[in-house]
Amino acid sequence: MKKLLALLLALVMVLSLFAACKGGEEEPTTATEAPTEAPTEAPTEEPVAEKNDTLVVGYNTFSQKFSPFFSKTAYDQDVWAMCSLSLLGTDREGNVVTHAMGDEGEVIPYNGTDYTYHGIANCDIVENDDGTVDYNFTMRDDIVFSDGTPMTIDDAIFSMYVLCDPTYDGSSTLYAQPIVGMNEYRAGMESLANLILAGGREESSEYYTDEERDAYWAAIDAAGEDFVGGILSYCEPYGATTVAEAMGMWGFDVPEDATAADCWQAVLEAYEGDVVTANSVEAGDVDLFAAVAERLGDDASTFERGIQTGDSAANIEGIVKTGDYSLTIKMSEFDATAIYSVGTVVAPLHYYGDAAAYDYDNNQFGFTKGDLSGVRAKTTEPMGAGPYKFVSFQNGVVTFERNENYFLGCPIIKNILFQETAQGDMLTGVASGTFDIADPSFTTPAVEAIKDYNSNGELDGDVITTENVDNLGYGYIGINADTVKVGDDKGSDESKALRKAFATLFAVHRDTVINSYYGDRATVINYPISNTSWAAPKPADEGYQIAYSVDVDGNPIYTADMSEEDKYDAALEAAIGFFKAAGYTWDDAAGKFTAAPEGAEMAYEVIIPADGIGDHPAYGILTAAKDQLETIGITLEINDPSDSNILWDSLDAGTQNMWAAAWGAAVDPDMYQVYHSSNIVGLGGTDSNHYHIADENLDRMILEARTSADHAFRKSTYKECLETILDWAVEIPTYQRQNAYVVSTERVNISTLTPDITTFWTWMNDLEKLEMN
């Protein structure tokens, strides 16, 4: 529910090239930051004959923020991505393609096949002797937008200035990169809304009138009722019928007859009037400030504008135009994540901005600094240089038509429709002919239904073709080092041994349980990183090891000829060894532990959000481990609340012992937000380090990996980081599940679908080549 959204947003920091992965059992859909369509492959010729001229794709509900700057959901982002191009894109493994410009493109092998990628720009990265880094972009000079207007580097610079404006509040974090002069440009200006929020309900200010203040707070209170209505909407599938019931599920104690206004007051009281934090933590289906903007209507732009409060630079020193089709972005230091942010979308200045207000030499960049109202006005109607042109959004259907000016050739399919539908109707829609492509939840019933639709009883057949991809994320069991330790030192050998005792028993049951829950749709993983990442250790890598498969002396616990029952017994013996090393008192006669060392306990709780009915991929792991632990005198209390807020609240408070959840991942494997000690909950960082791991050597390695462009160095460094995390025994990696696209074999020419679809390379790539039957 609500708190997992915060976890995912914390982890997904710099993914600037993709829409977010669609959520699963524990992973709600959320937006990554803007922008980019991955590069496509070789051009196609103008189609000589048309077959079926319309492709229909089933989609979840749109928010109609179809903007390369302000989209919030994956579905909205897909809409503008159809119409747009970015300076850089990525390959099938999620790596940024930096030299795809030109007819020759860039050849990159994947899965034994060489693929040629084509894009609109090249980027040369130069690390200077003084520690600064130059990202030198050269752009093609033959790209035109869908309306025929030529694209130049000015369009890219305009787009960057929108993303770096002091009042920008979209998903991109380009402004957070160490670009020279960025802080000076963004200083001395704040939006009127933020100034009012900072001042509170009563304070007067030189920057706004009392009438403006009162009007904005009145809009917040009115939107607050929409906000709690969003909580009700979120909770309705779980049985809530009134706002009071929903707020109870959400963790608020309100009377049974509480109105929406009453519930909003309860939120305000709980957060002492801090509506920004309340929105970030408690939002259900409605974002408070989106609702505020709707309540304000035409007046919203008044409160979005920037107010000069101090000195502010007229330009960003590190964004330098070097030619009509070239620019340099200069950074004060190297950051490996920066490449995912600098290859921004290139939005048309003449459409989203004001060409008359662009004069690079005189520090004019297509709009008035601090006033993005003109850009926001185009939020519902995207335009760019992508393969398709946006036509309309009506009755839940986005209509596109092909862009004859697309630089890789006019697409073969004339029209594409994105049609809203319920998740449960996606698969039947493809089978019945309503949709041609969809991405339903890849559940066991869905798998069986696909096999039933196809006459051959397989996932690929005469009715449906299935494209499986690994989910961008993974499931895990976590252990809080602050609450599961011996004595006062959570990093001591004894504390690690205590956590390894539990981790060893959890790990041994993963294969059986995950296979039972998911079948072929998930695999067990052995390192706390998504298998989709290039940095994930592979079984063939030197030093690869099954998680928690050695005993307290470092010897292998298992042998190749062991049965499953033999492995369970061996794991229990290893766990006993770890408990003894932690200082637990063992009674030989009873064959049980009888006392815990100081600071440790004989009983620990694990919280698992399984809807109160055990419906979770890790539930069987915990119950099996509980039974084994009971035989040696240790109690594992499984808390399976019907209200998952119990888990999220516990994580926020840092009081949990153990828990089960899943991470959504980013393309880059940067570990700073989740594992760096500065981000332990309550220390003022990202509050994403729920493991409470604090290891100076791990901190050092995380930061070192960020400062190198060498993939080999970063991968080896991250492997050391992963091994350190496993040594602390604060995370038991559990499973990597799959998602799927289902495509109508009857209506889509499957041979023209882009080959080797992956998490990072979807059916939307090579779209100009796709044909209907």
# chains A, B, ... in the order shown; residues from 1 in each chain; ligands from 1
$ residues_around --residues "Ala522 of chain A" --least-positions-apart "3" --cutoff "12 Å" --atoms "only C-alpha atoms" --output "NGL selection string"
:A and (442-444 or 468-471 or 473-475 or 510-519 or 525 or 531 or 617 or 734-740)
$ select_by_dssp --residues "segment 54-131 of chain A" --states "strand (DSSP E or B)" --output "ChimeraX atom specification"
/A:54-59,86,89-90,96-97,99,106-110,113-118,121-127
$ residues_around --residues "Thr149 of chain A" --least-positions-apart "2" --cutoff "10 Å" --atoms "only C-alpha atoms" --output "VMD selection string"
chain A and resid 143 to 147 151 to 152 348 350 to 351 384 to 385 405
$ atom_distance --atom1 "atom CA of Asn645 of chain A" --atom2 "atom CA of Ser171 of chain A"
25.5 Å
$ residues_around --residues "segment 387-397 of chain A" --least-positions-apart "2" --cutoff "9 Å" --atoms "only C-alpha atoms" --output "JSON, numbers by chain"
{"A": [61, 62, 64, 79, 80, 82, 83, 84, 85, 146, 380, 381, 382, 383, 384, 385, 399, 400, 401, 402, 403, 404, 405, 406, 407, 408, 409, 410, 411, 414, 415, 416, 417, 418, 419, 420, 421, 767, 768]}
$ write_last_selection --atoms "N, CA, C and O atoms" --output "compact mmCIF listing (two decimals), in the first residue's frame"
# COMPACT_ATOMS: atom_id res chain seq x y z
N THR A 61 -5.73 2.71 -16.34
CA THR A 61 -6.29 4.06 -16.40
C THR A 61 -5.21 5.13 -16.57
O THR A 61 -4.16 5.08 -15.92
N PHE A 62 -5.46 6.08 -17.44
CA PHE A 62 -4.55 7.20 -17.65
C PHE A 62 -4.91 8.36 -16.72
O PHE A 62 -6.06 8.55 -16.36
N GLN A 64 -3.91 11.42 -17.74
CA GLN A 64 -3.92 12.46 -18.76
C GLN A 64 -2.82 13.50 -18.54
O GLN A 64 -2.94 14.62 -19.00
N VAL A 79 2.46 7.25 -23.28
CA VAL A 79 1.77 8.06 -24.28
C VAL A 79 2.73 9.07 -24.91
O VAL A 79 2.87 9.15 -26.13
N TRP A 80 3.41 9.86 -24.06
CA TRP A 80 4.32 10.85 -24.66
C TRP A 80 5.54 10.20 -25.29
O TRP A 80 6.13 10.75 -26.23
N MET A 82 5.57 7.64 -27.14
CA MET A 82 5.21 7.31 -28.52
C MET A 82 5.51 8.48 -29.47
O MET A 82 5.74 8.28 -30.66
N CYS A 83 5.49 9.67 -28.91
CA CYS A 83 5.58 10.88 -29.74
C CYS A 83 6.93 11.57 -29.65
O CYS A 83 7.12 12.62 -30.29
N SER A 84 7.86 11.04 -28.87
CA SER A 84 9.07 11.80 -28.53
C SER A 84 10.35 11.04 -28.81
O SER A 84 10.36 9.82 -28.95
N LEU A 85 11.44 11.82 -28.87
CA LEU A 85 12.78 11.27 -28.96
C LEU A 85 13.65 11.93 -27.89
O LEU A 85 13.39 13.07 -27.49
N SER A 146 7.16 16.17 -35.69
CA SER A 146 6.05 15.63 -36.48
C SER A 146 5.32 16.68 -37.29
O SER A 146 4.65 16.36 -38.27
N THR A 380 -1.64 17.82 -21.68
CA THR A 380 -2.58 16.79 -22.16
C THR A 380 -2.42 16.47 -23.63
O THR A 380 -3.06 15.53 -24.12
N GLU A 381 -1.58 17.21 -24.35
CA GLU A 381 -1.43 16.99 -25.79
C GLU A 381 0.05 16.99 -26.17
O GLU A 381 0.59 18.03 -26.54
N PRO A 382 0.70 15.86 -26.10
CA PRO A 382 2.14 15.80 -26.37
C PRO A 382 2.46 15.94 -27.85
O PRO A 382 1.66 15.60 -28.72
N MET A 383 3.67 16.43 -28.10
CA MET A 383 4.14 16.53 -29.47
C MET A 383 5.66 16.38 -29.48
O MET A 383 6.32 16.81 -28.55
N GLY A 384 6.20 15.72 -30.52
CA GLY A 384 7.63 15.54 -30.60
C GLY A 384 8.03 14.96 -31.94
O GLY A 384 7.36 15.18 -32.94
N ALA A 385 9.11 14.18 -31.93
CA ALA A 385 9.64 13.63 -33.17
C ALA A 385 9.63 12.11 -33.17
O ALA A 385 10.36 11.47 -33.93
N THR A 399 -5.60 8.05 -29.09
CA THR A 399 -5.46 7.74 -30.51
C THR A 399 -4.18 8.36 -31.05
O THR A 399 -3.90 9.54 -30.84
N PHE A 400 -3.39 7.54 -31.76
CA PHE A 400 -2.16 8.00 -32.42
C PHE A 400 -2.28 7.72 -33.92
O PHE A 400 -2.95 6.78 -34.34
N GLU A 401 -1.59 8.54 -34.71
CA GLU A 401 -1.41 8.22 -36.11
C GLU A 401 0.07 8.32 -36.45
O GLU A 401 0.82 9.04 -35.79
N ARG A 402 0.49 7.59 -37.44
CA ARG A 402 1.91 7.50 -37.72
C ARG A 402 2.50 8.84 -38.16
O ARG A 402 1.83 9.67 -38.77
N ASN A 403 3.77 9.01 -37.82
CA ASN A 403 4.51 10.23 -38.14
C ASN A 403 5.32 9.99 -39.41
O ASN A 403 6.31 9.27 -39.41
N GLU A 404 4.87 10.61 -40.49
CA GLU A 404 5.56 10.43 -41.76
C GLU A 404 6.97 10.98 -41.75
O GLU A 404 7.81 10.64 -42.60
N ASN A 405 7.26 11.85 -40.77
CA ASN A 405 8.58 12.47 -40.70
C ASN A 405 9.55 11.73 -39.78
O ASN A 405 10.65 12.22 -39.53
N TYR A 406 9.15 10.57 -39.29
CA TYR A 406 10.00 9.84 -38.34
C TYR A 406 11.34 9.50 -38.98
O TYR A 406 11.39 9.03 -40.12
N PHE A 407 12.42 9.73 -38.25
CA PHE A 407 13.75 9.65 -38.86
C PHE A 407 14.17 8.24 -39.26
O PHE A 407 15.09 8.07 -40.06
N LEU A 408 13.50 7.22 -38.76
CA LEU A 408 13.82 5.85 -39.15
C LEU A 408 12.84 5.30 -40.18
O LEU A 408 12.84 4.11 -40.46
N GLY A 409 12.00 6.16 -40.69
CA GLY A 409 11.06 5.73 -41.71
C GLY A 409 9.62 5.75 -41.23
O GLY A 409 9.35 5.57 -40.04
N CYS A 410 8.70 5.95 -42.14
CA CYS A 410 7.28 6.01 -41.79
C CYS A 410 6.82 4.65 -41.25
O CYS A 410 7.02 3.62 -41.91
N PRO A 411 6.21 4.61 -40.07
CA PRO A 411 5.72 3.33 -39.52
C PRO A 411 4.72 2.66 -40.46
O PRO A 411 3.99 3.31 -41.20
N LYS A 414 -0.83 2.31 -39.52
CA LYS A 414 -1.30 3.69 -39.64
C LYS A 414 -1.73 4.27 -38.30
O LYS A 414 -1.36 5.39 -37.95
N ASN A 415 -2.53 3.53 -37.54
CA ASN A 415 -3.09 4.06 -36.28
C ASN A 415 -2.81 3.09 -35.14
O ASN A 415 -2.82 1.87 -35.31
N ILE A 416 -2.59 3.66 -33.97
CA ILE A 416 -2.46 2.87 -32.74
C ILE A 416 -3.38 3.47 -31.69
O ILE A 416 -3.43 4.70 -31.53
N LEU A 417 -4.11 2.61 -30.99
CA LEU A 417 -5.00 3.04 -29.92
C LEU A 417 -4.52 2.46 -28.60
O LEU A 417 -4.24 1.25 -28.52
N PHE A 418 -4.42 3.28 -27.56
CA PHE A 418 -4.21 2.82 -26.19
C PHE A 418 -5.57 2.93 -25.51
O PHE A 418 -6.09 4.03 -25.32
N GLN A 419 -6.15 1.81 -25.15
CA GLN A 419 -7.52 1.79 -24.62
C GLN A 419 -7.54 1.36 -23.16
O GLN A 419 -7.03 0.30 -22.80
N GLU A 420 -8.15 2.18 -22.32
CA GLU A 420 -8.27 1.85 -20.90
C GLU A 420 -9.14 0.60 -20.72
O GLU A 420 -10.14 0.43 -21.42
N THR A 421 -8.72 -0.22 -19.78
CA THR A 421 -9.52 -1.41 -19.45
C THR A 421 -9.15 -1.88 -18.06
O THR A 421 -8.10 -1.50 -17.52
N LEU A 767 9.07 0.11 -33.35
CA LEU A 767 7.62 0.16 -33.60
C LEU A 767 7.31 0.45 -35.06
O LEU A 767 6.27 0.04 -35.58
N GLU A 768 8.24 1.14 -35.74
CA GLU A 768 7.98 1.48 -37.14
C GLU A 768 7.98 0.22 -38.03
O GLU A 768 7.47 0.25 -39.16
$ residues_around --residues "Phe579 of chain A" --least-positions-apart "2" --cutoff "12 Å" --atoms "only C-alpha atoms" --output "ChimeraX atom specification"
/A:485-486,493-505,551-552,572-577,581-586,592-597,600-602,629,632-634
$ residues_around --residues "Ser751 of chain A" --least-positions-apart "2" --cutoff "12 Å" --atoms "only C-alpha atoms" --output "MDAnalysis selection string"
chainID A and resid 465 743 745 747:749 753:756 769:773
